[in-house]
Amino acid sequence: MNESPPVPRVLTIAGSDSGGGAGIQADLKTFTALGVYGMSAITSVTAQNTRTVSGVQDLPSQFVAQQIDIVAQDIGVDAAKTGMLSSAAIVHAVAGSIEKNHLELLVVDPVMVAKSGDPLLQRDARQALIKELLPLAYVVTPNLPEVEALTGLKVYSLNDMAEAARAIHALGSHHVLIKGGHLGGGEATDLLYDGRAFHTFSARRIDTPNTHGTGCTYSAAIAAHLALGFSVITAVERAKSYLTEAIRHSFSLGSGHGPLNHFWMHQNEPPHGGSSGGR
């Protein structure tokens, strides 16, 4: 008789950020803050800081798959998320391992461009992501530039977001969460679509440059809450609340986009240099 694991187990499949603000590092911080056990399969190693990505080294695709397999077959995975996948070969290997290991609660963050503007997904990998990975996604979480890259649609309003959500849902994802932070305005509103109904999630925008790692953190928080047993709607609602406060208590580090404060709820006072922000 198999015993239930003592803690929910969540796997991140993403790139490493040497600056610590995004990627694997942000995901593992998020998992720890939210009380789940974090594991990682590293796809690429980047040399980056708050201003730029100066170098990327992809790991061999077979080794990426081996990391997923070895963790899933021993420790087990209650939920997983993907971030930076870089190449078509890595996308193909990741999709194969996800299917082989039956990782059903999968959050796909289609990372294409870093906060600094540097590309993180090779052009030939986009079609692989669309055809091989999106159909496996329980939730996919594109921002507006990623929506345009995936669908060719321009988004200027909530109605445009709904049209784009329908288009992405048709590609095979169970749930589509379009992040509306790039729309501007006083609130950042995200739109969730499950093929039948729409749900909106809004938070007051907070004025700060310290937003490095927001997409990674948001998707990781959704995965963590799914592993904790929450519904998709509740997982997104709680993840957005967590993210908003992580931005509100963010760190002014470096001379570009500073990192979030993933452990804001465990601190009695805000950190020195922290400032408010919105996705």
# chains A, B, ... in the order shown; residues from 1 in each chain; ligands from 1
>>> select_by_dssp(residues="region 24-94 of chain A", states="helix (DSSP H, G or I)", output="number ranges by chain")
A: 24-33, 61-72, 88-94
>>> closest_residue(among="A:Ser16, A:Ser231, A:Ser54, A:Asn210", to="Leu105 (chain A)", atoms="only C-alpha atoms")
A:Ser231
>>> residues_around(residues="Pro145 (chain A)", least_positions_apart="4", cutoff="10 Å", atoms="only C-alpha atoms", output="list in words")
Met112, Val113, Ala149, Leu150, Gly152, Leu153, Lys154, Val155, Lys179 and His182 of chain A
>>> closest_residue(among="A:Phe198, A:Ser157, A:Leu136, A:Phe251", to="Gly172 (chain A)", atoms="only C-alpha atoms")
A:Leu136
>>> closest_residue(among="A:Val236, A:Val139, A:Val36, A:Ala128", to="Thr200 (chain A)", atoms="only C-alpha atoms")
A:Val236
>>> residues_around(residues="Gly215 (chain A)", least_positions_apart="3", cutoff="12 Å", atoms="only C-alpha atoms", output="VMD selection string")
chain A and resid 21 to 24 26 to 27 30 81 to 84 107 to 115 140 to 144 146 177 to 181 211 to 212 218 to 222 239 to 240 243 to 244 247 259 to 260 278 to 279
>>> write_last_selection(atoms="N, CA and C atoms", output="compact mmCIF listing (two decimals), in the first residue's frame")
# COMPACT_ATOMS: atom_id res chain seq x y z
N GLY A 21 16.79 36.06 -10.04
CA GLY A 21 15.47 36.66 -10.01
C GLY A 21 14.39 35.92 -10.76
N ALA A 22 14.78 35.10 -11.74
CA ALA A 22 13.81 34.42 -12.59
C ALA A 22 14.21 32.95 -12.72
N GLY A 23 13.53 32.26 -13.63
CA GLY A 23 13.91 30.88 -13.94
C GLY A 23 13.82 29.94 -12.76
N ILE A 24 14.69 28.95 -12.79
CA ILE A 24 14.74 27.91 -11.75
C ILE A 24 14.80 28.53 -10.35
N ALA A 26 13.79 31.51 -9.21
CA ALA A 26 12.51 32.09 -8.78
C ALA A 26 11.50 31.00 -8.48
N ASP A 27 11.48 29.95 -9.30
CA ASP A 27 10.52 28.87 -9.10
C ASP A 27 10.73 28.17 -7.77
N THR A 30 9.65 30.27 -4.89
CA THR A 30 8.19 30.29 -4.81
C THR A 30 7.67 29.01 -4.18
N LYS A 81 5.79 22.60 -13.93
CA LYS A 81 5.70 23.78 -14.77
C LYS A 81 6.90 23.82 -15.70
N THR A 82 6.71 24.42 -16.86
CA THR A 82 7.83 24.65 -17.76
C THR A 82 8.05 26.15 -17.90
N GLY A 83 9.32 26.50 -18.10
CA GLY A 83 9.69 27.89 -18.35
C GLY A 83 10.51 27.95 -19.63
N MET A 84 11.72 28.45 -19.54
CA MET A 84 12.59 28.58 -20.70
C MET A 84 12.97 27.20 -21.24
N VAL A 107 1.73 23.27 -15.87
CA VAL A 107 1.59 24.69 -16.18
C VAL A 107 2.69 25.05 -17.17
N VAL A 108 2.31 25.54 -18.33
CA VAL A 108 3.27 25.92 -19.36
C VAL A 108 3.37 27.44 -19.42
N ASP A 109 4.52 27.97 -19.05
CA ASP A 109 4.81 29.39 -19.21
C ASP A 109 5.65 29.51 -20.49
N PRO A 110 5.06 29.99 -21.58
CA PRO A 110 5.77 29.97 -22.87
C PRO A 110 6.81 31.09 -22.96
N VAL A 111 7.88 30.94 -22.20
CA VAL A 111 8.90 31.98 -22.09
C VAL A 111 9.59 32.17 -23.44
N MET A 112 9.51 33.39 -23.94
CA MET A 112 10.11 33.69 -25.25
C MET A 112 11.15 34.79 -25.19
N VAL A 113 10.92 35.78 -24.31
CA VAL A 113 11.81 36.93 -24.23
C VAL A 113 12.04 37.28 -22.77
N ALA A 114 13.29 37.61 -22.43
CA ALA A 114 13.61 38.02 -21.07
C ALA A 114 13.08 39.43 -20.81
N LYS A 115 13.00 39.81 -19.53
CA LYS A 115 12.55 41.15 -19.16
C LYS A 115 13.42 42.22 -19.82
N VAL A 140 -1.87 27.17 -19.54
CA VAL A 140 -0.81 27.89 -20.24
C VAL A 140 -0.94 29.36 -19.89
N THR A 141 0.19 30.06 -19.68
CA THR A 141 0.16 31.40 -19.09
C THR A 141 0.90 32.44 -19.93
N PRO A 142 0.48 32.72 -21.15
CA PRO A 142 1.21 33.70 -21.96
C PRO A 142 0.92 35.14 -21.56
N ASN A 143 1.95 36.00 -21.69
CA ASN A 143 1.70 37.44 -21.61
C ASN A 143 1.32 37.92 -23.01
N LEU A 144 1.08 39.20 -23.18
CA LEU A 144 0.56 39.68 -24.46
C LEU A 144 1.55 39.55 -25.62
N GLU A 146 3.71 37.22 -25.93
CA GLU A 146 3.71 35.78 -26.21
C GLU A 146 2.42 35.36 -26.92
N LEU A 177 -4.58 31.13 -19.45
CA LEU A 177 -4.54 32.33 -18.61
C LEU A 177 -3.73 33.38 -19.35
N ILE A 178 -4.41 34.38 -19.88
CA ILE A 178 -3.71 35.46 -20.57
C ILE A 178 -3.45 36.58 -19.59
N LYS A 179 -2.18 36.94 -19.45
CA LYS A 179 -1.78 37.97 -18.50
C LYS A 179 -1.84 39.34 -19.18
N GLY A 180 -2.58 40.25 -18.57
CA GLY A 180 -2.84 41.53 -19.20
C GLY A 180 -1.98 42.67 -18.73
N GLY A 181 -0.87 42.38 -18.09
CA GLY A 181 -0.04 43.44 -17.54
C GLY A 181 0.45 44.44 -18.56
N THR A 211 10.46 44.09 -11.44
CA THR A 211 9.48 43.09 -11.87
C THR A 211 10.16 41.89 -12.54
N HIS A 212 11.46 41.74 -12.32
CA HIS A 212 12.17 40.62 -12.94
C HIS A 212 11.70 39.29 -12.33
N TYR A 218 4.66 33.68 -11.13
CA TYR A 218 3.21 33.48 -11.28
C TYR A 218 2.91 32.03 -11.65
N SER A 219 3.57 31.52 -12.68
CA SER A 219 3.31 30.15 -13.12
C SER A 219 3.73 29.14 -12.06
N ALA A 220 4.83 29.41 -11.36
CA ALA A 220 5.26 28.51 -10.29
C ALA A 220 4.25 28.49 -9.15
N ALA A 221 3.71 29.65 -8.83
CA ALA A 221 2.71 29.72 -7.75
C ALA A 221 1.43 29.00 -8.14
N ILE A 222 1.04 29.09 -9.41
CA ILE A 222 -0.13 28.34 -9.87
C ILE A 222 0.12 26.85 -9.73
N ALA A 239 -2.38 32.61 -6.55
CA ALA A 239 -1.08 32.90 -7.14
C ALA A 239 -0.94 34.38 -7.47
N LYS A 240 -2.01 34.98 -7.97
CA LYS A 240 -1.95 36.41 -8.30
C LYS A 240 -1.79 37.26 -7.05
N LEU A 243 1.80 36.89 -5.96
CA LEU A 243 2.68 37.63 -6.86
C LEU A 243 2.60 39.13 -6.60
N THR A 244 1.40 39.64 -6.44
CA THR A 244 1.23 41.08 -6.22
C THR A 244 2.00 41.55 -4.99
N ILE A 247 5.74 41.55 -5.56
CA ILE A 247 6.15 42.77 -6.28
C ILE A 247 6.12 43.97 -5.34
N PRO A 259 14.64 42.14 -8.61
CA PRO A 259 13.88 40.91 -8.37
C PRO A 259 12.74 41.11 -7.37
N LEU A 260 11.83 40.16 -7.38
CA LEU A 260 10.73 40.12 -6.43
C LEU A 260 11.22 39.62 -5.08
N GLY A 278 3.79 46.29 -10.08
CA GLY A 278 2.70 45.53 -10.69
C GLY A 278 3.15 44.91 -11.98
N ARG A 279 2.61 43.75 -12.31
CA ARG A 279 3.07 43.03 -13.47
C ARG A 279 2.82 43.81 -14.74
>>> closest_residue(among="A:Met265, A:Phe31, A:Ser87, A:Ala95", to="Gln122 (chain A)", atoms="only C-alpha atoms")
A:Ser87
>>> residues_around(residues="Asn261 (chain A)", least_positions_apart="5", cutoff="6 Å", atoms="only C-alpha atoms", output="ChimeraX atom specification")
/A:246,249-250
>>> write_last_selection(atoms="C-alpha atoms", output="tab-separated table (two decimals), in the first residue's frame")
chain	number	residue	atom	x	y	z
A	246	ALA	CA	6.00	39.79	-3.92
A	249	HIS	CA	7.84	44.09	-1.36
A	250	SER	CA	10.37	43.75	-4.21
>>> select_by_dssp(residues="region 28-187 of chain A", states="strand (DSSP E or B)", output="tab-separated table (two decimals) with N, CA, C and O atoms, in the first residue's frame")
chain	number	residue	atom	x	y	z
A	37	TYR	N	7.26	20.93	-1.97
A	37	TYR	CA	8.63	20.45	-2.18
A	37	TYR	C	9.03	20.68	-3.63
A	37	TYR	O	8.42	20.14	-4.55
A	38	GLY	N	10.06	21.49	-3.84
A	38	GLY	CA	10.48	21.85	-5.19
A	38	GLY	C	11.59	20.97	-5.73
A	38	GLY	O	12.54	20.64	-5.02
A	39	MET	N	11.46	20.62	-7.01
A	39	MET	CA	12.48	19.86	-7.73
A	39	MET	C	12.73	20.57	-9.06
A	39	MET	O	11.90	21.35	-9.51
A	40	SER	N	13.85	20.27	-9.71
A	40	SER	CA	14.17	21.01	-10.93
A	40	SER	C	14.80	20.12	-12.00
A	40	SER	O	15.54	19.19	-11.70
A	41	ALA	N	14.47	20.45	-13.24
A	41	ALA	CA	15.16	19.93	-14.41
A	41	ALA	C	15.64	21.14	-15.19
A	41	ALA	O	14.82	21.91	-15.71
A	42	ILE	N	16.93	21.36	-15.23
A	42	ILE	CA	17.48	22.57	-15.84
A	42	ILE	C	17.65	22.36	-17.34
A	42	ILE	O	18.24	21.38	-17.78
A	43	THR	N	17.11	23.30	-18.12
A	43	THR	CA	17.16	23.21	-19.58
A	43	THR	C	18.34	23.98	-20.16
A	43	THR	O	18.94	23.57	-21.15
A	44	SER	N	18.64	25.13	-19.56
A	44	SER	CA	19.70	26.01	-20.05
A	44	SER	C	20.32	26.73	-18.87
A	44	SER	O	19.68	26.91	-17.84
A	45	VAL	N	21.56	27.15	-19.05
A	45	VAL	CA	22.23	27.98	-18.05
A	45	VAL	C	22.47	29.35	-18.68
A	45	VAL	O	23.03	29.43	-19.78
A	46	THR	N	22.01	30.39	-18.02
A	46	THR	CA	22.20	31.73	-18.57
A	46	THR	C	23.16	32.53	-17.71
A	46	THR	O	23.26	32.32	-16.49
A	47	ALA	N	23.86	33.46	-18.34
A	47	ALA	CA	24.64	34.47	-17.65
A	47	ALA	C	23.84	35.76	-17.76
A	47	ALA	O	23.76	36.35	-18.84
A	48	GLN	N	23.19	36.17	-16.69
A	48	GLN	CA	22.35	37.35	-16.75
A	48	GLN	C	22.32	38.09	-15.42
A	48	GLN	O	22.67	37.54	-14.38
A	53	VAL	N	20.90	39.59	-20.65
A	53	VAL	CA	21.33	38.20	-20.73
A	53	VAL	C	22.54	38.19	-21.64
A	53	VAL	O	22.43	38.42	-22.85
A	54	SER	N	23.70	37.93	-21.09
A	54	SER	CA	24.94	38.02	-21.87
A	54	SER	C	25.36	36.70	-22.47
A	54	SER	O	26.24	36.66	-23.34
A	55	GLY	N	24.74	35.60	-22.03
A	55	GLY	CA	25.10	34.30	-22.60
A	55	GLY	C	24.12	33.23	-22.21
A	55	GLY	O	23.50	33.29	-21.14
A	56	VAL	N	23.94	32.26	-23.11
A	56	VAL	CA	23.06	31.12	-22.86
A	56	VAL	C	23.75	29.85	-23.32
A	56	VAL	O	24.30	29.79	-24.43
A	57	GLN	N	23.76	28.85	-22.46
A	57	GLN	CA	24.26	27.53	-22.81
A	57	GLN	C	23.15	26.51	-22.59
A	57	GLN	O	22.73	26.28	-21.45
A	58	ASP	N	22.67	25.91	-23.67
A	58	ASP	CA	21.64	24.88	-23.55
A	58	ASP	C	22.25	23.56	-23.12
A	58	ASP	O	23.34	23.20	-23.56
A	79	ALA	N	2.62	18.15	-9.49
A	79	ALA	CA	2.38	19.19	-10.49
A	79	ALA	C	3.73	19.61	-11.04
A	79	ALA	O	4.77	19.44	-10.38
A	80	ALA	N	3.71	20.16	-12.26
A	80	ALA	CA	4.96	20.60	-12.88
A	80	ALA	C	4.71	21.88	-13.64
A	80	ALA	O	3.57	22.23	-13.96
A	81	LYS	N	5.79	22.60	-13.93
A	81	LYS	CA	5.70	23.78	-14.77
A	81	LYS	C	6.90	23.82	-15.70
A	81	LYS	O	7.97	23.28	-15.38
A	82	THR	N	6.71	24.42	-16.86
A	82	THR	CA	7.83	24.65	-17.76
A	82	THR	C	8.05	26.15	-17.90
A	82	THR	O	7.11	26.94	-17.83
A	86	SER	N	14.11	27.03	-24.80
A	86	SER	CA	15.16	27.45	-25.71
A	86	SER	C	15.08	26.88	-27.12
A	86	SER	O	14.93	27.60	-28.08
A	106	LEU	N	0.14	20.22	-15.48
A	106	LEU	CA	1.29	20.90	-16.08
A	106	LEU	C	0.92	22.35	-16.39
A	106	LEU	O	-0.04	22.61	-17.10
A	107	VAL	N	1.73	23.27	-15.87
A	107	VAL	CA	1.59	24.69	-16.18
A	107	VAL	C	2.69	25.05	-17.17
A	107	VAL	O	3.88	24.87	-16.88
A	108	VAL	N	2.31	25.54	-18.33
A	108	VAL	CA	3.27	25.92	-19.36
A	108	VAL	C	3.37	27.44	-19.42
A	108	VAL	O	2.40	28.12	-19.77
A	113	VAL	N	10.92	35.78	-24.31
A	113	VAL	CA	11.81	36.93	-24.23
A	113	VAL	C	12.04	37.28	-22.77
A	113	VAL	O	11.11	37.25	-21.97
A	119	PRO	N	16.10	37.48	-26.44
A	119	PRO	CA	15.31	36.29	-26.78
A	119	PRO	C	15.75	35.06	-25.98
A	119	PRO	O	16.94	34.85	-25.77
A	121	LEU	N	13.75	31.97	-26.55
A	121	LEU	CA	13.21	30.83	-27.29
A	121	LEU	C	13.58	31.00	-28.76
A	121	LEU	O	13.22	32.00	-29.38
A	139	VAL	N	-2.63	24.25	-17.78
A	139	VAL	CA	-2.77	25.70	-17.82
A	139	VAL	C	-1.60	26.26	-18.61
A	139	VAL	O	-0.45	25.87	-18.39
A	140	VAL	N	-1.87	27.17	-19.54
A	140	VAL	CA	-0.81	27.89	-20.24
A	140	VAL	C	-0.94	29.36	-19.89
A	140	VAL	O	-2.06	29.88	-19.79
A	143	ASN	N	1.95	36.00	-21.69
A	143	ASN	CA	1.70	37.44	-21.61
A	143	ASN	C	1.32	37.92	-23.01
A	143	ASN	O	1.27	37.13	-23.97
A	175	HIS	N	-6.68	24.93	-20.03
A	175	HIS	CA	-7.01	26.27	-19.52
A	175	HIS	C	-5.99	27.26	-20.07
A	175	HIS	O	-4.80	26.94	-20.15
A	176	VAL	N	-6.47	28.44	-20.41
A	176	VAL	CA	-5.60	29.50	-20.92
A	176	VAL	C	-5.71	30.70	-19.99
A	176	VAL	O	-6.81	31.22	-19.76
A	177	LEU	N	-4.58	31.13	-19.45
A	177	LEU	CA	-4.54	32.33	-18.61
A	177	LEU	C	-3.73	33.38	-19.35
A	177	LEU	O	-2.50	33.26	-19.44
A	178	ILE	N	-4.41	34.38	-19.88
A	178	ILE	CA	-3.71	35.46	-20.57
A	178	ILE	C	-3.45	36.58	-19.59
A	178	ILE	O	-4.37	37.10	-18.96
A	179	LYS	N	-2.18	36.94	-19.45
A	179	LYS	CA	-1.78	37.97	-18.50
A	179	LYS	C	-1.84	39.34	-19.18
A	179	LYS	O	-1.22	39.55	-20.21
A	187	GLU	N	-5.03	49.00	-13.33
A	187	GLU	CA	-5.08	47.63	-12.83
A	187	GLU	C	-4.46	46.67	-13.85
A	187	GLU	O	-4.54	46.89	-15.06
>>> residues_around(residues="Ile130 (chain A)", least_positions_apart="2", cutoff="10 Å", atoms="only C-alpha atoms", output="ChimeraX atom specification")
/A:91,110,125-128,132-135,150-151,168,171-173
>>> residues_around(residues="Ala93 (chain A)", least_positions_apart="5", cutoff="8 Å", atoms="only C-alpha atoms", output="ChimeraX atom specification")
/A:61-62,64-65
>>> atom_distance(atom1="CA of Ala227 (chain A)", atom2="CA of Asp78 (chain A)")
5.4 Å
>>> atom_distance(atom1="CA of Glu99 (chain A)", atom2="CA of His174 (chain A)")
15.2 Å
>>> atom_distance(atom1="CA of Gly35 (chain A)", atom2="CA of Thr234 (chain A)")
16.4 Å
>>> closest_residue(among="A:Val7, A:Ala165, A:Leu129, A:Ile68", to="Gly229 (chain A)", atoms="only C-alpha atoms")
A:Val7
